[in-house]
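Taking it in order: structure first as C-alpha coordinates, then the write-up.
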Amino acid sequence: MSDAAVSDHEGDEVSIYLRARMGDGGCNWYLIKTNSDTSKDYKPVPPVFAREPNRRRRGACVALGSVIHSLGGEEDPPGYVRCSPGTNLLRCNPLSDGYYIDTASPESGWKKLPHSTITPRAYPYAFTTNGKIYVLGVTSCIRSKPTLMPEVYNTLNDEEGWRVLADPKNVPGSQIGGHGVIDGGKRVVVHFRDEPHLYGYDVEADSWDIHRENIFHLDSDSGASATVDGVYYFLDDREPGVMFGIEVGTNASKMGPPKRVALAWQPKDYEWIPQPYDSIVPRTRLISVGKGRLAAVYNYARIEAGDLHFHCSTMQMTRLTNACGETVFMADPLCYSNVVVSGLFLEACIAV
(Lines give C-alpha, C1' and ligand atoms only; values in the text may rest on other atoms or scores of the structure.)
Protein backbone atom coordinates (compact mmCIF):
# COMPACT_ATOMS: atom_id res chain seq x y z
CA MET A 1 0.00 0.00 0.00
CA SER A 2 0.36 0.64 -0.48
CA ASP A 3 0.48 3.56 -0.76
CA ALA A 4 3.89 5.69 -0.16
CA ALA A 5 4.34 9.32 0.75
CA VAL A 6 6.13 11.58 -1.70
CA SER A 7 8.41 14.58 -1.30
CA ASP A 8 7.49 18.16 -2.07
CA HIS A 9 6.95 18.96 -5.73
CA GLU A 10 7.43 22.13 -7.67
CA GLY A 11 4.00 23.51 -8.47
CA ASP A 12 0.73 22.01 -7.33
CA GLU A 13 0.38 19.07 -9.71
CA VAL A 14 1.06 15.54 -8.48
CA SER A 15 0.86 12.31 -10.46
CA ILE A 16 -1.17 9.46 -8.95
CA TYR A 17 -0.84 6.08 -10.64
CA LEU A 18 -3.58 3.44 -10.42
CA ARG A 19 -2.94 -0.26 -10.99
CA ALA A 20 -6.19 -1.97 -12.05
CA ARG A 21 -6.77 -5.71 -12.47
CA MET A 22 -8.13 -6.69 -15.85
CA GLY A 23 -10.39 -9.60 -16.77
CA ASP A 24 -7.54 -11.54 -18.41
CA GLY A 25 -5.51 -11.56 -15.19
CA GLY A 26 -3.07 -8.80 -16.17
CA CYS A 27 -2.93 -5.27 -14.79
CA ASN A 28 -3.10 -1.89 -16.50
CA TRP A 29 -1.65 1.32 -15.08
CA TYR A 30 -3.51 4.66 -15.29
CA LEU A 31 -2.61 8.23 -14.38
CA ILE A 32 -4.55 10.89 -12.46
CA LYS A 33 -3.06 14.36 -12.13
CA THR A 34 -4.12 16.51 -9.21
CA ASN A 35 -4.46 20.14 -10.22
CA SER A 36 -6.87 23.07 -10.13
CA ASP A 37 -8.89 21.95 -13.18
CA THR A 38 -11.86 20.83 -11.13
CA SER A 39 -14.58 19.04 -13.07
CA LYS A 40 -17.55 16.87 -12.09
CA ASP A 41 -17.52 15.06 -15.44
CA TYR A 42 -15.92 11.62 -15.69
CA LYS A 43 -12.88 11.71 -17.94
CA PRO A 44 -11.92 8.45 -19.70
CA VAL A 45 -8.25 7.67 -19.06
CA PRO A 46 -6.23 5.23 -21.23
CA PRO A 47 -3.38 3.04 -19.89
CA VAL A 48 -0.32 5.18 -19.36
CA PHE A 49 2.38 2.60 -20.10
CA ALA A 50 2.88 -1.04 -21.09
CA ARG A 51 1.86 -3.91 -18.88
CA GLU A 52 4.27 -5.70 -16.60
CA PRO A 53 6.06 -8.63 -18.32
CA ASN A 54 3.96 -11.40 -16.78
CA ARG A 55 0.47 -11.70 -15.37
CA ARG A 56 0.84 -11.17 -11.66
CA ARG A 57 -1.57 -10.10 -8.97
CA ARG A 58 -1.78 -9.40 -5.23
CA GLY A 59 1.72 -7.94 -5.14
CA ALA A 60 3.10 -4.82 -3.44
CA CYS A 61 3.82 -1.60 -5.32
CA VAL A 62 5.90 1.35 -4.09
CA ALA A 63 7.54 4.43 -5.59
CA LEU A 64 11.01 5.85 -5.07
CA GLY A 65 11.38 9.16 -6.84
CA SER A 66 9.97 8.67 -10.33
CA VAL A 67 10.43 4.88 -10.26
CA ILE A 68 7.59 2.45 -9.50
CA HIS A 69 8.49 -1.00 -8.15
CA SER A 70 6.15 -4.01 -8.42
CA LEU A 71 7.13 -6.76 -5.98
CA GLY A 72 6.05 -10.37 -5.49
CA GLY A 73 2.42 -11.41 -5.59
CA GLU A 74 1.15 -14.55 -7.26
CA GLU A 75 0.99 -15.65 -10.84
CA ASP A 76 -2.26 -15.78 -12.78
CA PRO A 77 -3.85 -18.23 -13.32
CA PRO A 78 -2.87 -19.27 -9.79
CA GLY A 79 -3.53 -23.03 -10.06
CA TYR A 80 -4.75 -23.28 -6.47
CA VAL A 81 -4.57 -26.50 -4.45
CA ARG A 82 -5.80 -27.12 -0.92
CA CYS A 83 -3.37 -26.31 1.89
CA SER A 84 -4.19 -29.62 3.56
CA PRO A 85 -6.78 -32.39 3.13
CA GLY A 86 -10.22 -31.58 4.50
CA THR A 87 -9.73 -27.77 4.59
CA ASN A 88 -11.24 -25.03 2.46
CA LEU A 89 -8.04 -22.98 2.47
CA LEU A 90 -6.29 -22.75 -0.89
CA ARG A 91 -2.54 -22.54 -1.23
CA CYS A 92 -1.01 -19.49 -2.91
CA ASN A 93 1.67 -19.64 -5.57
CA PRO A 94 3.88 -16.75 -4.40
CA LEU A 95 6.43 -14.94 -6.53
CA SER A 96 9.81 -13.58 -5.49
CA ASP A 97 10.80 -11.50 -8.51
CA GLY A 98 10.15 -7.79 -8.97
CA TYR A 99 9.98 -5.26 -11.79
CA TYR A 100 10.38 -1.50 -12.03
CA ILE A 101 9.59 1.30 -14.46
CA ASP A 102 10.72 4.92 -14.55
CA THR A 103 7.64 7.11 -15.01
CA ALA A 104 9.90 9.87 -16.34
CA SER A 105 10.78 7.63 -19.33
CA PRO A 106 8.01 5.01 -19.57
CA GLU A 107 8.95 4.23 -23.18
CA SER A 108 11.87 2.23 -21.73
CA GLY A 109 9.33 -0.21 -20.32
CA TRP A 110 9.46 -2.52 -17.33
CA LYS A 111 12.80 -3.94 -16.22
CA LYS A 112 13.46 -6.82 -13.89
CA LEU A 113 15.10 -6.09 -10.55
CA PRO A 114 18.57 -7.64 -10.41
CA HIS A 115 17.65 -9.50 -7.20
CA SER A 116 14.53 -11.39 -6.12
CA THR A 117 13.26 -11.42 -2.56
CA ILE A 118 14.71 -14.22 -0.46
CA THR A 119 11.21 -15.41 0.45
CA PRO A 120 8.51 -15.63 -2.25
CA ARG A 121 5.53 -13.50 -1.21
CA ALA A 122 1.84 -13.45 -2.00
CA TYR A 123 -0.21 -10.59 -0.54
CA PRO A 124 2.88 -8.69 0.71
CA TYR A 125 3.05 -5.12 1.99
CA ALA A 126 5.87 -2.68 1.22
CA PHE A 127 7.05 0.81 2.17
CA THR A 128 10.10 2.95 1.42
CA THR A 129 12.37 5.23 3.41
CA ASN A 130 15.85 6.66 2.80
CA GLY A 131 16.25 4.96 -0.56
CA LYS A 132 15.39 1.51 0.79
CA ILE A 133 12.43 -0.77 0.10
CA TYR A 134 11.01 -2.80 2.97
CA VAL A 135 8.71 -5.73 2.19
CA LEU A 136 6.72 -7.62 4.82
CA GLY A 137 4.19 -10.40 4.93
CA VAL A 138 4.18 -13.99 3.76
CA THR A 139 0.90 -15.81 3.18
CA SER A 140 0.92 -19.52 2.37
CA CYS A 141 -2.85 -19.97 2.19
CA ILE A 142 -5.57 -17.57 1.09
CA ARG A 143 -7.37 -15.97 4.06
CA SER A 144 -4.77 -17.25 6.50
CA LYS A 145 -2.90 -14.80 8.69
CA PRO A 146 0.47 -13.77 7.23
CA THR A 147 3.78 -13.77 9.05
CA LEU A 148 6.04 -10.74 8.62
CA MET A 149 9.46 -12.20 7.71
CA PRO A 150 10.66 -8.70 6.68
CA GLU A 151 13.39 -7.98 4.13
CA VAL A 152 15.05 -4.77 2.96
CA TYR A 153 16.54 -3.77 -0.41
CA ASN A 154 18.92 -0.84 -0.75
CA THR A 155 18.27 0.70 -4.18
CA LEU A 156 21.43 2.80 -3.79
CA ASN A 157 23.55 -0.37 -3.70
CA ASP A 158 22.19 -3.10 -5.98
CA GLU A 159 25.07 -5.44 -5.12
CA GLU A 160 23.71 -6.00 -1.62
CA GLY A 161 20.47 -7.51 -2.85
CA TRP A 162 17.72 -8.28 -0.37
CA ARG A 163 18.68 -8.65 3.28
CA VAL A 164 16.67 -10.50 5.92
CA LEU A 165 15.61 -8.45 8.94
CA ALA A 166 14.75 -9.62 12.43
CA ASP A 167 11.34 -11.33 12.48
CA PRO A 168 9.61 -9.65 15.44
CA LYS A 169 7.91 -11.85 18.01
CA ASN A 170 6.00 -9.01 19.70
CA VAL A 171 4.09 -7.97 16.57
CA PRO A 172 0.84 -9.68 15.51
CA GLY A 173 0.69 -11.76 12.37
CA SER A 174 -2.15 -10.05 10.52
CA GLN A 175 -2.72 -8.05 7.37
CA ILE A 176 -1.21 -4.57 7.29
CA GLY A 177 -3.73 -1.79 6.76
CA GLY A 178 -1.42 1.21 6.47
CA HIS A 179 1.80 2.88 7.51
CA GLY A 180 3.51 6.25 7.92
CA VAL A 181 7.16 7.33 7.79
CA ILE A 182 8.06 9.76 10.59
CA ASP A 183 11.06 11.30 12.36
CA GLY A 184 12.97 11.96 9.15
CA GLY A 185 12.69 8.36 7.98
CA LYS A 186 14.12 6.87 11.17
CA ARG A 187 10.82 5.38 12.27
CA VAL A 188 7.79 3.82 10.57
CA VAL A 189 4.38 3.42 12.19
CA VAL A 190 2.34 0.43 11.02
CA HIS A 191 -1.35 -0.41 11.45
CA PHE A 192 -2.19 -4.12 11.53
CA ARG A 193 -5.82 -4.83 10.75
CA ASP A 194 -7.83 -6.40 13.58
CA GLU A 195 -5.36 -4.93 16.08
CA PRO A 196 -6.14 -1.96 18.38
CA HIS A 197 -2.57 -0.63 18.60
CA LEU A 198 -0.41 1.34 16.21
CA TYR A 199 3.02 -0.30 16.08
CA GLY A 200 6.38 1.36 15.47
CA TYR A 201 9.45 0.12 13.62
CA ASP A 202 12.86 1.62 14.44
CA VAL A 203 14.76 1.57 11.13
CA GLU A 204 18.23 1.91 12.66
CA ALA A 205 17.74 -0.57 15.51
CA ASP A 206 15.66 -3.03 13.43
CA SER A 207 13.20 -3.37 16.31
CA TRP A 208 9.44 -3.10 16.89
CA ASP A 209 7.31 -1.73 19.71
CA ILE A 210 3.82 -0.35 20.38
CA HIS A 211 3.83 3.28 19.24
CA ARG A 212 0.27 4.25 20.32
CA GLU A 213 -2.08 2.05 22.31
CA ASN A 214 -5.76 1.35 21.68
CA ILE A 215 -6.27 3.55 18.61
CA PHE A 216 -8.41 1.41 16.32
CA HIS A 217 -11.67 -0.50 16.60
CA LEU A 218 -11.05 -4.22 16.30
CA ASP A 219 -13.86 -4.75 13.82
CA SER A 220 -12.93 -1.90 11.49
CA ASP A 221 -11.94 -3.06 8.01
CA SER A 222 -11.06 0.17 6.24
CA GLY A 223 -7.27 0.31 6.30
CA ALA A 224 -7.30 3.61 4.37
CA SER A 225 -4.60 5.81 5.91
CA ALA A 226 -1.78 8.27 5.21
CA THR A 227 0.64 10.33 7.26
CA VAL A 228 1.03 14.07 6.71
CA ASP A 229 3.36 16.23 8.84
CA GLY A 230 3.42 13.85 11.79
CA VAL A 231 -0.33 13.18 11.80
CA TYR A 232 -1.72 9.74 10.90
CA TYR A 233 -5.04 10.20 9.08
CA PHE A 234 -7.34 7.20 8.70
CA LEU A 235 -10.89 6.07 7.97
CA ASP A 236 -12.96 3.75 10.13
CA ASP A 237 -15.72 1.60 8.63
CA ARG A 238 -17.62 1.77 11.92
CA GLU A 239 -18.08 5.49 11.35
CA PRO A 240 -18.25 5.84 7.55
CA GLY A 241 -17.86 9.29 6.06
CA VAL A 242 -15.58 10.48 8.88
CA MET A 243 -11.81 11.00 8.72
CA PHE A 244 -9.75 10.82 11.90
CA GLY A 245 -6.30 12.16 12.75
CA ILE A 246 -3.86 11.26 15.50
CA GLU A 247 -0.42 12.60 16.39
CA VAL A 248 2.34 10.07 15.71
CA GLY A 249 5.50 12.22 15.79
CA THR A 250 7.83 13.00 18.68
CA ASN A 251 6.13 12.72 22.11
CA ALA A 252 3.01 11.39 20.39
CA SER A 253 2.32 9.04 23.31
CA LYS A 254 1.47 12.11 25.40
CA MET A 255 -1.10 13.33 22.88
CA GLY A 256 -4.82 12.66 23.07
CA PRO A 257 -7.01 10.10 21.29
CA PRO A 258 -7.91 10.29 17.58
CA LYS A 259 -9.89 13.38 16.59
CA ARG A 260 -12.34 13.94 13.78
CA VAL A 261 -11.03 15.96 10.86
CA ALA A 262 -13.14 19.05 10.13
CA LEU A 263 -13.60 20.51 6.66
CA ALA A 264 -12.71 24.18 6.36
CA TRP A 265 -15.71 24.50 4.04
CA GLN A 266 -18.06 22.07 2.34
CA PRO A 267 -19.15 22.67 -1.26
CA LYS A 268 -22.64 21.38 -1.92
CA ASP A 269 -21.76 19.58 -5.15
CA TYR A 270 -18.86 17.31 -4.08
CA GLU A 271 -17.95 15.02 -1.17
CA TRP A 272 -14.33 15.73 -0.30
CA ILE A 273 -14.22 13.06 2.41
CA PRO A 274 -15.80 9.86 0.98
CA GLN A 275 -19.38 9.39 2.16
CA PRO A 276 -21.68 6.32 2.08
CA TYR A 277 -24.07 6.23 -0.87
CA ASP A 278 -27.17 4.01 -0.74
CA SER A 279 -25.57 2.25 2.25
CA ILE A 280 -22.45 1.50 0.17
CA VAL A 281 -19.15 2.53 1.78
CA PRO A 282 -16.69 3.48 -0.98
CA ARG A 283 -13.38 1.73 -1.34
CA THR A 284 -10.84 4.40 -0.52
CA ARG A 285 -7.09 5.01 -0.61
CA LEU A 286 -5.56 7.96 1.25
CA ILE A 287 -2.25 9.24 -0.14
CA SER A 288 0.20 11.87 1.07
CA VAL A 289 1.07 14.02 -1.96
CA GLY A 290 3.57 16.46 -0.42
CA LYS A 291 3.40 20.05 0.86
CA GLY A 292 1.00 19.08 3.63
CA ARG A 293 -1.60 17.74 1.21
CA LEU A 294 -3.68 14.59 1.25
CA ALA A 295 -5.52 12.93 -1.64
CA ALA A 296 -8.50 10.61 -1.27
CA VAL A 297 -9.03 8.26 -4.23
CA TYR A 298 -12.24 6.26 -4.02
CA ASN A 299 -14.92 4.42 -6.00
CA TYR A 300 -18.31 2.94 -5.12
CA ALA A 301 -18.93 0.21 -7.69
CA ARG A 302 -18.68 -0.52 -11.38
CA ILE A 303 -21.36 1.34 -13.26
CA GLU A 304 -20.72 -0.78 -16.34
CA ALA A 305 -19.01 -4.15 -16.56
CA GLY A 306 -15.27 -3.71 -16.85
CA ASP A 307 -15.24 -0.01 -15.88
CA LEU A 308 -14.07 1.62 -12.65
CA HIS A 309 -15.21 5.17 -11.83
CA PHE A 310 -12.85 6.99 -9.48
CA HIS A 311 -13.13 10.24 -7.55
CA CYS A 312 -9.94 11.99 -6.46
CA SER A 313 -10.12 14.88 -3.99
CA THR A 314 -7.05 16.81 -2.79
CA MET A 315 -7.05 18.64 0.53
CA GLN A 316 -4.60 20.84 2.46
CA MET A 317 -4.21 19.38 5.95
CA THR A 318 -3.48 21.65 8.91
CA ARG A 319 -3.12 21.25 12.66
CA LEU A 320 -4.63 24.12 14.68
CA THR A 321 -5.08 24.99 18.36
CA ASN A 322 -8.47 26.34 19.44
CA ALA A 323 -9.25 28.83 22.22
CA CYS A 324 -9.37 25.99 24.75
CA GLY A 325 -5.85 24.86 23.84
CA GLU A 326 -7.13 21.72 22.08
CA THR A 327 -5.64 20.40 18.84
CA VAL A 328 -7.94 20.59 15.82
CA PHE A 329 -7.26 18.82 12.51
CA MET A 330 -8.57 20.73 9.50
CA ALA A 331 -8.91 19.80 5.82
CA ASP A 332 -9.11 22.65 3.31
CA PRO A 333 -10.49 21.42 -0.08
CA LEU A 334 -8.24 22.28 -3.03
CA CYS A 335 -9.32 20.42 -6.19
CA TYR A 336 -10.90 17.24 -7.44
CA SER A 337 -11.21 15.13 -10.55
CA ASN A 338 -13.31 12.19 -11.75
CA VAL A 339 -11.97 9.52 -14.09
CA VAL A 340 -13.16 6.24 -15.56
CA VAL A 341 -10.73 3.41 -16.38
CA SER A 342 -11.02 -0.14 -17.61
CA GLY A 343 -10.61 -2.83 -14.95
CA LEU A 344 -12.26 -5.07 -12.40
CA PHE A 345 -10.81 -3.62 -9.20
CA LEU A 346 -7.97 -1.47 -7.89
CA GLU A 347 -4.74 -3.19 -6.89
CA ALA A 348 -2.49 -0.22 -6.09
CA CYS A 349 -2.56 3.55 -5.84
CA ILE A 350 0.75 5.45 -5.71
CA ALA A 351 1.78 9.11 -5.77
CA VAL A 352 4.95 9.91 -7.73
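Lettering and numbering for the C-alpha coordinates are positional, with chains as A, B, ... in the shown order, residues counted from 1 in each chain, and ligands counted from 1 in the shown order.
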
Check your understanding: Leaving out A:Gly241 and any residue of its chain fewer than 2 positions from it, which residues lie within 10 Å of it when counting only C-alpha atoms, given as a PyMOL selection string?
Key -> chain A and resi 235-239+243+271-277+281-282

Give me a file of those residues, with N, CA and C atoms, as a PDB file, in the first residue's frame.
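part-v4.pdb was written with the following content:
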ATOM      1  N   LEU A 235      -9.441   6.260   8.011  1.00  0.00           N
ATOM      2  CA  LEU A 235     -10.886   6.072   7.968  1.00  0.00           C
ATOM      3  C   LEU A 235     -11.252   4.856   8.805  1.00  0.00           C
ATOM      4  N   ASP A 236     -12.485   4.829   9.293  1.00  0.00           N
ATOM      5  CA  ASP A 236     -12.963   3.746  10.132  1.00  0.00           C
ATOM      6  C   ASP A 236     -14.334   3.330   9.621  1.00  0.00           C
ATOM      7  N   ASP A 237     -14.454   2.066   9.194  1.00  0.00           N
ATOM      8  CA  ASP A 237     -15.718   1.602   8.631  1.00  0.00           C
ATOM      9  C   ASP A 237     -16.865   1.650   9.633  1.00  0.00           C
ATOM     10  N   ARG A 238     -16.550   1.682  10.930  1.00  0.00           N
ATOM     11  CA  ARG A 238     -17.621   1.769  11.924  1.00  0.00           C
ATOM     12  C   ARG A 238     -18.268   3.151  11.932  1.00  0.00           C
ATOM     13  N   GLU A 239     -17.542   4.136  11.451  1.00  0.00           N
ATOM     14  CA  GLU A 239     -18.079   5.494  11.354  1.00  0.00           C
ATOM     15  C   GLU A 239     -17.806   6.013   9.943  1.00  0.00           C
ATOM     16  N   MET A 243     -13.251  11.184   8.697  1.00  0.00           N
ATOM     17  CA  MET A 243     -11.807  10.996   8.721  1.00  0.00           C
ATOM     18  C   MET A 243     -11.294  11.367  10.108  1.00  0.00           C
ATOM     19  N   GLU A 271     -18.318  15.574  -2.471  1.00  0.00           N
ATOM     20  CA  GLU A 271     -17.950  15.021  -1.174  1.00  0.00           C
ATOM     21  C   GLU A 271     -16.435  14.878  -1.111  1.00  0.00           C
ATOM     22  N   TRP A 272     -15.790  15.754  -0.376  1.00  0.00           N
ATOM     23  CA  TRP A 272     -14.331  15.727  -0.304  1.00  0.00           C
ATOM     24  C   TRP A 272     -13.835  14.539   0.517  1.00  0.00           C
ATOM     25  N   ILE A 273     -14.504  14.267   1.638  1.00  0.00           N
ATOM     26  CA  ILE A 273     -14.223  13.058   2.412  1.00  0.00           C
ATOM     27  C   ILE A 273     -15.271  12.025   2.003  1.00  0.00           C
ATOM     28  N   PRO A 274     -14.842  10.844   1.536  1.00  0.00           N
ATOM     29  CA  PRO A 274     -15.799   9.865   0.980  1.00  0.00           C
ATOM     30  C   PRO A 274     -16.957   9.573   1.923  1.00  0.00           C
ATOM     31  N   GLN A 275     -18.171   9.622   1.389  1.00  0.00           N
ATOM     32  CA  GLN A 275     -19.384   9.393   2.159  1.00  0.00           C
ATOM     33  C   GLN A 275     -20.103   8.131   1.661  1.00  0.00           C
ATOM     34  N   PRO A 276     -20.869   7.464   2.535  1.00  0.00           N
ATOM     35  CA  PRO A 276     -21.679   6.321   2.081  1.00  0.00           C
ATOM     36  C   PRO A 276     -22.737   6.789   1.082  1.00  0.00           C
ATOM     37  N   TYR A 277     -23.045   5.932   0.120  1.00  0.00           N
ATOM     38  CA  TYR A 277     -24.074   6.232  -0.870  1.00  0.00           C
ATOM     39  C   TYR A 277     -24.949   5.010  -1.034  1.00  0.00           C
ATOM     40  N   VAL A 281     -20.337   1.798   1.340  1.00  0.00           N
ATOM     41  CA  VAL A 281     -19.148   2.532   1.776  1.00  0.00           C
ATOM     42  C   VAL A 281     -18.101   2.433   0.667  1.00  0.00           C
ATOM     43  N   PRO A 282     -17.640   3.550   0.140  1.00  0.00           N
ATOM     44  CA  PRO A 282     -16.694   3.485  -0.984  1.00  0.00           C
ATOM     45  C   PRO A 282     -15.353   2.882  -0.584  1.00  0.00           C
TER      46      PRO A 282
END

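Among the candidates A:His191, A:Arg319, A:Arg57, A:Arg51, the one nearest to A:Gly230 when counting only C-alpha atoms is A:Arg319.
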
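Residues lying within 8 Å of stretch 257-260 of chain A, counting only C-alpha atoms and ignoring same-chain neighbours fewer than 2 positions away, are A:Ile215, A:Val242, A:Met243, A:Phe244, A:Gly245, A:Ile246, A:Glu247, A:Met255, A:Ala262, A:Val328, A:Phe329.
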
Practice item. Would you list the contacts of A:Gly249 as a ChimeraX atom specification, taking every protein, DNA or RNA residue within 8 Å and counting only C-alpha atoms, but skipping same-chain residues closer than 4 positions in sequence? Key: /A:182-183,230-231

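For stretch 146-184 of chain A, the set of residues given strand (DSSP E) by DSSP on the backbone reads Glu151, Val152, Tyr153, Asn154, Trp162, Arg163, Val164, Ile176, Gly177, Gly178, His179, Gly180, Val181 and Ile182 of chain A.
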
Selected residues written out, N, CA, C and O atoms, as a PDB file, in the first residue's frame:
ATOM      1  N   GLU A 151      12.131  -8.111   4.863  1.00  0.00           N
ATOM      2  CA  GLU A 151      13.388  -7.980   4.130  1.00  0.00           C
ATOM      3  C   GLU A 151      13.546  -6.524   3.705  1.00  0.00           C
ATOM      4  O   GLU A 151      12.568  -5.771   3.610  1.00  0.00           O
ATOM      5  N   VAL A 152      14.779  -6.131   3.407  1.00  0.00           N
ATOM      6  CA  VAL A 152      15.050  -4.772   2.957  1.00  0.00           C
ATOM      7  C   VAL A 152      15.960  -4.814   1.738  1.00  0.00           C
ATOM      8  O   VAL A 152      16.831  -5.679   1.622  1.00  0.00           O
ATOM      9  N   TYR A 153      15.737  -3.871   0.816  1.00  0.00           N
ATOM     10  CA  TYR A 153      16.541  -3.773  -0.408  1.00  0.00           C
ATOM     11  C   TYR A 153      17.024  -2.334  -0.542  1.00  0.00           C
ATOM     12  O   TYR A 153      16.221  -1.395  -0.557  1.00  0.00           O
ATOM     13  N   ASN A 154      18.319  -2.163  -0.626  1.00  0.00           N
ATOM     14  CA  ASN A 154      18.917  -0.836  -0.753  1.00  0.00           C
ATOM     15  C   ASN A 154      19.070  -0.507  -2.235  1.00  0.00           C
ATOM     16  O   ASN A 154      19.956  -1.033  -2.905  1.00  0.00           O
ATOM     17  N   TRP A 162      18.651  -8.304  -1.489  1.00  0.00           N
ATOM     18  CA  TRP A 162      17.718  -8.283  -0.366  1.00  0.00           C
ATOM     19  C   TRP A 162      18.399  -8.833   0.882  1.00  0.00           C
ATOM     20  O   TRP A 162      19.159  -9.799   0.819  1.00  0.00           O
ATOM     21  N   ARG A 163      18.089  -8.224   2.006  1.00  0.00           N
ATOM     22  CA  ARG A 163      18.675  -8.649   3.279  1.00  0.00           C
ATOM     23  C   ARG A 163      17.557  -8.954   4.271  1.00  0.00           C
ATOM     24  O   ARG A 163      16.610  -8.175   4.422  1.00  0.00           O
ATOM     25  N   VAL A 164      17.677 -10.092   4.950  1.00  0.00           N
ATOM     26  CA  VAL A 164      16.666 -10.498   5.924  1.00  0.00           C
ATOM     27  C   VAL A 164      16.788  -9.656   7.187  1.00  0.00           C
ATOM     28  O   VAL A 164      17.895  -9.427   7.693  1.00  0.00           O
ATOM     29  N   ILE A 176      -1.546  -5.966   7.023  1.00  0.00           N
ATOM     30  CA  ILE A 176      -1.210  -4.567   7.295  1.00  0.00           C
ATOM     31  C   ILE A 176      -2.201  -3.670   6.579  1.00  0.00           C
ATOM     32  O   ILE A 176      -2.470  -3.826   5.393  1.00  0.00           O
ATOM     33  N   GLY A 177      -2.747  -2.706   7.320  1.00  0.00           N
ATOM     34  CA  GLY A 177      -3.730  -1.792   6.760  1.00  0.00           C
ATOM     35  C   GLY A 177      -3.158  -0.468   6.318  1.00  0.00           C
ATOM     36  O   GLY A 177      -3.758   0.235   5.506  1.00  0.00           O
ATOM     37  N   GLY A 178      -2.012  -0.070   6.853  1.00  0.00           N
ATOM     38  CA  GLY A 178      -1.424   1.213   6.467  1.00  0.00           C
ATOM     39  C   GLY A 178      -0.156   1.490   7.255  1.00  0.00           C
ATOM     40  O   GLY A 178       0.178   0.770   8.206  1.00  0.00           O
ATOM     41  N   HIS A 179       0.548   2.534   6.840  1.00  0.00           N
ATOM     42  CA  HIS A 179       1.796   2.881   7.513  1.00  0.00           C
ATOM     43  C   HIS A 179       2.054   4.372   7.356  1.00  0.00           C
ATOM     44  O   HIS A 179       1.377   5.061   6.592  1.00  0.00           O
ATOM     45  N   GLY A 180       3.063   4.869   8.071  1.00  0.00           N
ATOM     46  CA  GLY A 180       3.513   6.245   7.919  1.00  0.00           C
ATOM     47  C   GLY A 180       4.972   6.362   8.297  1.00  0.00           C
ATOM     48  O   GLY A 180       5.422   5.744   9.270  1.00  0.00           O
ATOM     49  N   VAL A 181       5.740   7.103   7.515  1.00  0.00           N
ATOM     50  CA  VAL A 181       7.159   7.329   7.788  1.00  0.00           C
ATOM     51  C   VAL A 181       7.289   8.633   8.571  1.00  0.00           C
ATOM     52  O   VAL A 181       6.794   9.674   8.144  1.00  0.00           O
ATOM     53  N   ILE A 182       7.953   8.592   9.728  1.00  0.00           N
ATOM     54  CA  ILE A 182       8.060   9.763  10.591  1.00  0.00           C
ATOM     55  C   ILE A 182       9.507   9.940  11.043  1.00  0.00           C
ATOM     56  O   ILE A 182      10.379   9.124  10.738  1.00  0.00           O
TER      57      ILE A 182
END

Point to revise | Spatial neighbours of stretch 92-102 of chain A, max dist 7 Å, only C-alpha atoms, sep filter under 2 positions, as number ranges by chain | key: A: 66-75, 78, 80, 90, 104-106, 109-113, 116-117, 119-122, 140-142

Review point. Contacts of A:His217 at 10 Å or less, counting only C-alpha atoms, minus same-chain residues fewer than 3 places along, as a PyMOL selection string?
Key: chain A and resi 193-197+214+220-221+236-238
